[in-house]
Amino acid sequence: MHVVVNSLEVARKRFAEKISCELQFLDKPLKDLFTDVDASKEFYYEGFYSLKLAESFAEMDAFDESDFLRKLFLEGKAYQLLTRQIVEYQDDLVDEKHRSVLKTADVRLIEEAATLLRRKMAKGQTIKSLSKQVGLNPNKLQKGFQSFFGVTVNQYLHDIRLEHAEKLLLNTDYSMAQIVDAVGLSSNSYFSKIFKEKYGVQPSHFRSKYLSDLKSSE
């Protein structure tokens, strides 16, 4: 197994002197850590690193300048890594259902949630029910969808319902009621409304125009 180790070392005495005023605002465990300039007390924190940290590592690997510029770049990155690590540590201290930092281990669960939505466009599907199915709290689930897909969970579900409805209109002879049921909606009028908002025409007109264009091309 290929393993990469990244080590960030802090000269605590110099660091504590540099941020002595700000240290008073830290939570006690972190305040004790940074004021323990002789490293006489043990402190250990273990967990998956976040996607933000992964981005920082990737940026460090991709930076190809040398000497002076690399020194400046890595010094800035050192502060960024330390900041993000502290943010993750503080996030891990709160109750699981309120955590918001996306970890690398969460990526698979977000992908699983998206797959579930594509396979099961069920009526009454909510962020809460979806989060229970994949084992990821609603905060992280929502943040994950916005990070990976650029939309909220509800908007993602909305979009795939309309995409599936389009395929059914063009490739089946399902009635409007059957299509509405197949995409997990319960109202024909609501379906017509959101379909027109995206495609500019009512579903029935969309289908009839497609069939008309198909015949004229034969």
# chains A, B, ... in the order shown; residues from 1 in each chain; ligands from 1
$ residues_around --residues "segment 16-28 of chain A" --least-positions-apart "4" --cutoff "12 Å" --atoms "only C-alpha atoms" --output "PyMOL selection string"
chain A and resi 10-12+32-38+86-87+89-90+93
$ write_last_selection --atoms "C-alpha atoms" --output "PDB file, in the first residue's frame"
ATOM      1  CA  VAL A  10       5.098  23.902  15.290  1.00  0.00           C
ATOM      2  CA  ALA A  11       7.806  25.632  17.329  1.00  0.00           C
ATOM      3  CA  ARG A  12       5.431  26.218  20.205  1.00  0.00           C
ATOM      4  CA  ASP A  32      -3.407  24.365  26.989  1.00  0.00           C
ATOM      5  CA  LEU A  33      -1.843  22.755  23.924  1.00  0.00           C
ATOM      6  CA  PHE A  34      -0.309  25.931  22.497  1.00  0.00           C
ATOM      7  CA  THR A  35       0.795  27.330  25.836  1.00  0.00           C
ATOM      8  CA  ASP A  36       2.516  24.053  26.700  1.00  0.00           C
ATOM      9  CA  VAL A  37       5.714  25.278  25.018  1.00  0.00           C
ATOM     10  CA  ASP A  38       7.822  22.431  26.443  1.00  0.00           C
ATOM     11  CA  ILE A  86      -8.154  23.024  14.224  1.00  0.00           C
ATOM     12  CA  VAL A  87     -11.502  23.591  12.481  1.00  0.00           C
ATOM     13  CA  TYR A  89     -10.881  19.136  15.600  1.00  0.00           C
ATOM     14  CA  GLN A  90     -13.512  21.576  16.880  1.00  0.00           C
ATOM     15  CA  LEU A  93     -16.091  17.795  19.368  1.00  0.00           C
TER      16      LEU A  93
END
$ residues_around --residues "Asp173 of chain A" --least-positions-apart "4" --cutoff "12 Å" --atoms "only C-alpha atoms" --output "list in words"
Ala165, Lys167, Leu168, Leu169, Ala177, Gln178, Ile179, Ser204, Arg207, Ser208 and Leu211 of chain A
$ write_last_selection --atoms "C-alpha atoms" --output "PDB file, in the first residue's frame"
ATOM      1  CA  ALA A 165     -39.984  12.646 -17.075  1.00  0.00           C
ATOM      2  CA  LYS A 167     -37.224  10.409 -21.189  1.00  0.00           C
ATOM      3  CA  LEU A 168     -40.613   8.873 -20.430  1.00  0.00           C
ATOM      4  CA  LEU A 169     -42.406  11.452 -22.570  1.00  0.00           C
ATOM      5  CA  ALA A 177     -50.726  10.377 -14.644  1.00  0.00           C
ATOM      6  CA  GLN A 178     -48.396   7.386 -15.057  1.00  0.00           C
ATOM      7  CA  ILE A 179     -45.399   9.650 -15.641  1.00  0.00           C
ATOM      8  CA  SER A 204     -48.210  17.155 -23.623  1.00  0.00           C
ATOM      9  CA  ARG A 207     -44.357  15.125 -26.543  1.00  0.00           C
ATOM     10  CA  SER A 208     -46.593  16.062 -29.479  1.00  0.00           C
ATOM     11  CA  LEU A 211     -43.616  13.090 -32.409  1.00  0.00           C
TER      12      LEU A 211
END
$ residues_around --residues "Ile127 of chain A" --least-positions-apart "4" --cutoff "8 Å" --atoms "only C-alpha atoms" --output "list in words"
Ser131, Pro138, Leu141, Gln142, Val153 and Asn154 of chain A
$ residues_around --residues "segment 113-116 of chain A" --least-positions-apart "3" --cutoff "9 Å" --atoms "only C-alpha atoms" --output "PyMOL selection string"
chain A and resi 108-110+119-121+130-131+133-134+141+145+153+156-157
$ closest_atom_pairs --of "segment 80-146 of chain A" --to "segment 40-49 of chain A" --cutoff "9 Å" --atoms "only C-alpha atoms" --output "Markdown table"
| residue | atom | partner | partner_atom | distance |
| --- | --- | --- | --- | --- |
| A:Gln85 | CA | A:Tyr49 | CA | 8.0 |
| A:Glu88 | CA | A:Tyr49 | CA | 7.8 |
| A:Tyr89 | CA | A:Tyr45 | CA | 7.6 |
| A:Asp92 | CA | A:Gly47 | CA | 8.6 |
| A:Leu102 | CA | A:Tyr49 | CA | 8.7 |
| A:Lys103 | CA | A:Tyr49 | CA | 5.7 |
| A:Thr104 | CA | A:Tyr49 | CA | 6.3 |
| A:Ala105 | CA | A:Phe48 | CA | 6.8 |
$ select_by_dssp --residues "segment 38-148 of chain A" --states "helix (DSSP H, G or I)" --output "ChimeraX atom specification"
/A:51-62,67-93,96-98,106-119,127-134,138-148
